[in-house]
Each structure stands twice: as structure tokens, then as C-alpha cells.
Amino acid sequence: MRASPKRLPALLLLALLAAAGCAGRDPVPDPASPGARAALQARSQTLIEAGNALYRAGDHTAAAKRYAAATVVKPDDPAAYFGLGMALTKLGRDDEARQAYARARELAQQARGAGADSAR
């Protein structure tokens with residue numbers, strides 16, 4: 001499909017704007033770097049705190065979304081999964097809640113084990 005001569009300048013402008021929007025952006029930080037880990041932890045904690053506030057306010061659907069977002073940002077955070085389990089329980093989504101609770105327990109046990117190993 002060929003662009004009509006009238007559309008060609010608009011398409012070129014769009015292409016230039018798209019290219020300019022991509023230029024000058026910072027590269028994606030290495031997720032293993034200490035700064036990136038701290039940023040992910042802070043973002044996860046912010047989402048969990050927002051979920052807690054929504055849960056206390058009785059908006060369990062929105063709370064579940066915040067907790068779920070926290071599990072994406074920091075998949076090894078047991079607090080995010082525990083909060084998700086609480087919200088899902090309130091929503092009557094018991095099977096999903098059990099899965100979230102199980103994941104929270106698993107992650108907490110792993111963290112305790114890692115802490116015990118580093119203390120030796």
C-alpha cells in the first residue's frame with residue numbers, strides 16, 4: 001500500500017517525531033545493580049502501602065490491583081502476595097487467595113533461610 005503524495009509529509013513528520021522521542025533516553029538500568037534494587041523495593045513498598053490504604057477503606061478490588069502490581073515490580077516480596085491474598089479473600093476469590101498466601105509463605109521461608117545462611 002502506497003501513501004498518497006498528500007500524506008507523505010505527515011508520515012515523514014510522524015516518523016521524525018517518533019525517532020526524536022526515542023533519542024536521548026537513559027538506557028534501562030541493570031536490575032541487579034544496588035540502585036535498581038533499591039528503586040524496585042521503594043516502588044513495591046509504595047504500591048503495598050497504597051493497597052493497604054485501599055483495603056482499610058474497603059475498596060478491595062483496587063487494593064488487589066495495587067498488591068498485584070507490587071508482585072510484578074518485585075516478585076520476591078512476600079508482603080505483596082500476602083496483601084493480595086487478603087484482598088482476594090474479601091472479594092470471594094478464595095482459590096486465588098490461597099495461591100497468593102502460599103506464595104507469600106514460600107517467599108517468607110526462603111527469606112528466613114537466606115537470612116540464616118548469611119548469619120553463619
# chains A, B, ... in the order shown; residues from 1 in each chain; ligands from 1
>>> residues_around(residues="Gly51 of chain A", least_positions_apart="3", cutoff="6 Å", atoms="only C-alpha atoms", output="PDB file with N, CA and C atoms, in the first residue's frame")
ATOM      1  N   ILE A  48       2.359  -1.377  47.888  1.00  0.00           N
ATOM      2  CA  ILE A  48       1.794  -2.122  49.012  1.00  0.00           C
ATOM      3  C   ILE A  48       1.094  -1.168  49.977  1.00  0.00           C
ATOM      4  N   LEU A  54      -6.214   1.322  50.574  1.00  0.00           N
ATOM      5  CA  LEU A  54      -7.448   0.971  49.867  1.00  0.00           C
ATOM      6  C   LEU A  54      -8.171  -0.172  50.576  1.00  0.00           C
ATOM      7  N   TYR A  55      -7.409  -1.125  51.083  1.00  0.00           N
ATOM      8  CA  TYR A  55      -8.004  -2.250  51.820  1.00  0.00           C
ATOM      9  C   TYR A  55      -8.733  -1.730  53.059  1.00  0.00           C
ATOM     10  N   ALA A  63      -7.451  -2.412  45.903  1.00  0.00           N
ATOM     11  CA  ALA A  63      -6.343  -2.904  46.734  1.00  0.00           C
ATOM     12  C   ALA A  63      -5.676  -4.099  46.065  1.00  0.00           C
ATOM     13  N   ARG A  66      -3.361  -2.994  43.335  1.00  0.00           N
ATOM     14  CA  ARG A  66      -2.096  -2.428  43.821  1.00  0.00           C
ATOM     15  C   ARG A  66      -1.156  -3.533  44.296  1.00  0.00           C
ATOM     16  N   TYR A  67      -1.705  -4.490  45.050  1.00  0.00           N
ATOM     17  CA  TYR A  67      -0.870  -5.597  45.513  1.00  0.00           C
ATOM     18  C   TYR A  67      -0.345  -6.408  44.325  1.00  0.00           C
TER      19      TYR A  67
END
>>> residues_around(residues="segment 95-97 of chain A", least_positions_apart="3", cutoff="7 Å", atoms="only C-alpha atoms", output="mmCIF file with N, CA and C atoms, in the first residue's frame")
data_model
loop_
_atom_site.group_PDB
_atom_site.id
_atom_site.type_symbol
_atom_site.label_atom_id
_atom_site.label_comp_id
_atom_site.auth_asym_id
_atom_site.auth_seq_id
_atom_site.Cartn_x
_atom_site.Cartn_y
_atom_site.Cartn_z
ATOM 1 N N GLY A 85 -3.497 -11.773 48.837
ATOM 2 C CA GLY A 85 -4.339 -12.833 49.398
ATOM 3 C C GLY A 85 -5.466 -12.270 50.244
ATOM 4 N N MET A 86 -5.154 -11.262 51.070
ATOM 5 C CA MET A 86 -6.194 -10.648 51.911
ATOM 6 C C MET A 86 -7.290 -10.019 51.060
ATOM 7 N N LEU A 88 -8.055 -10.617 47.884
ATOM 8 C CA LEU A 88 -8.793 -11.633 47.119
ATOM 9 C C LEU A 88 -9.776 -12.389 48.013
ATOM 10 N N THR A 89 -9.397 -12.620 49.265
ATOM 11 C CA THR A 89 -10.313 -13.265 50.200
ATOM 12 C C THR A 89 -11.565 -12.417 50.379
ATOM 13 N N ALA A 100 -2.021 -17.011 46.504
ATOM 14 C CA ALA A 100 -1.243 -15.848 46.921
ATOM 15 C C ALA A 100 -0.649 -16.058 48.311
ATOM 16 N N TYR A 101 -1.454 -16.591 49.231
ATOM 17 C CA TYR A 101 -0.953 -16.880 50.584
ATOM 18 C C TYR A 101 0.178 -17.908 50.545
#
>>> residues_around(residues="Ala104 of chain A", least_positions_apart="5", cutoff="10 Å", atoms="only C-alpha atoms", output="list of chain:residue names")
A:Asp76, A:Asp77, A:Pro78, A:Ala79, A:Ala80, A:Tyr81, A:Phe82, A:Gly83, A:Leu84, A:Gly85, A:Arg98, A:Gln99, A:Gln109, A:Gln110
>>> write_last_selection(atoms="C-alpha atoms", output="mmCIF file, in the first residue's frame")
data_model
loop_
_atom_site.group_PDB
_atom_site.id
_atom_site.type_symbol
_atom_site.label_atom_id
_atom_site.label_comp_id
_atom_site.auth_asym_id
_atom_site.auth_seq_id
_atom_site.Cartn_x
_atom_site.Cartn_y
_atom_site.Cartn_z
ATOM 1 C CA ASP A 76 10.081 -11.883 45.617
ATOM 2 C CA ASP A 77 8.233 -9.656 48.128
ATOM 3 C CA PRO A 78 6.076 -11.808 50.430
ATOM 4 C CA ALA A 79 4.174 -8.758 51.740
ATOM 5 C CA ALA A 80 2.784 -8.072 48.271
ATOM 6 C CA TYR A 81 1.458 -11.620 47.963
ATOM 7 C CA PHE A 82 0.058 -11.593 51.487
ATOM 8 C CA GLY A 83 -1.819 -8.351 50.797
ATOM 9 C CA LEU A 84 -3.075 -9.775 47.525
ATOM 10 C CA GLY A 85 -4.339 -12.833 49.398
ATOM 11 C CA ARG A 98 -4.890 -19.458 48.697
ATOM 12 C CA GLN A 99 -2.330 -19.338 45.888
ATOM 13 C CA GLN A 109 10.521 -19.082 54.293
ATOM 14 C CA GLN A 110 13.117 -18.505 51.582
#
>>> residues_around(residues="Gly58 of chain A", least_positions_apart="6", cutoff="12 Å", atoms="only C-alpha atoms", output="JSON, numbers by chain")
{"A": [51, 52, 64, 86, 87, 90, 91]}
>>> write_last_selection(atoms="C-alpha atoms", output="mmCIF file, in the first residue's frame")
data_model
loop_
_atom_site.group_PDB
_atom_site.id
_atom_site.type_symbol
_atom_site.label_atom_id
_atom_site.label_comp_id
_atom_site.auth_asym_id
_atom_site.auth_seq_id
_atom_site.Cartn_x
_atom_site.Cartn_y
_atom_site.Cartn_z
ATOM 1 C CA GLY A 51 -3.032 -1.307 48.681
ATOM 2 C CA ASN A 52 -3.153 -1.202 52.476
ATOM 3 C CA ALA A 64 -5.927 -6.209 44.890
ATOM 4 C CA MET A 86 -6.194 -10.648 51.911
ATOM 5 C CA ALA A 87 -7.867 -8.583 49.188
ATOM 6 C CA LYS A 90 -12.523 -10.214 50.728
ATOM 7 C CA LEU A 91 -13.565 -10.450 47.068
#
>>> atom_distance(atom1="atom CA of Val73 of chain A", atom2="atom CA of Ala53 of chain A")
18.7 Å
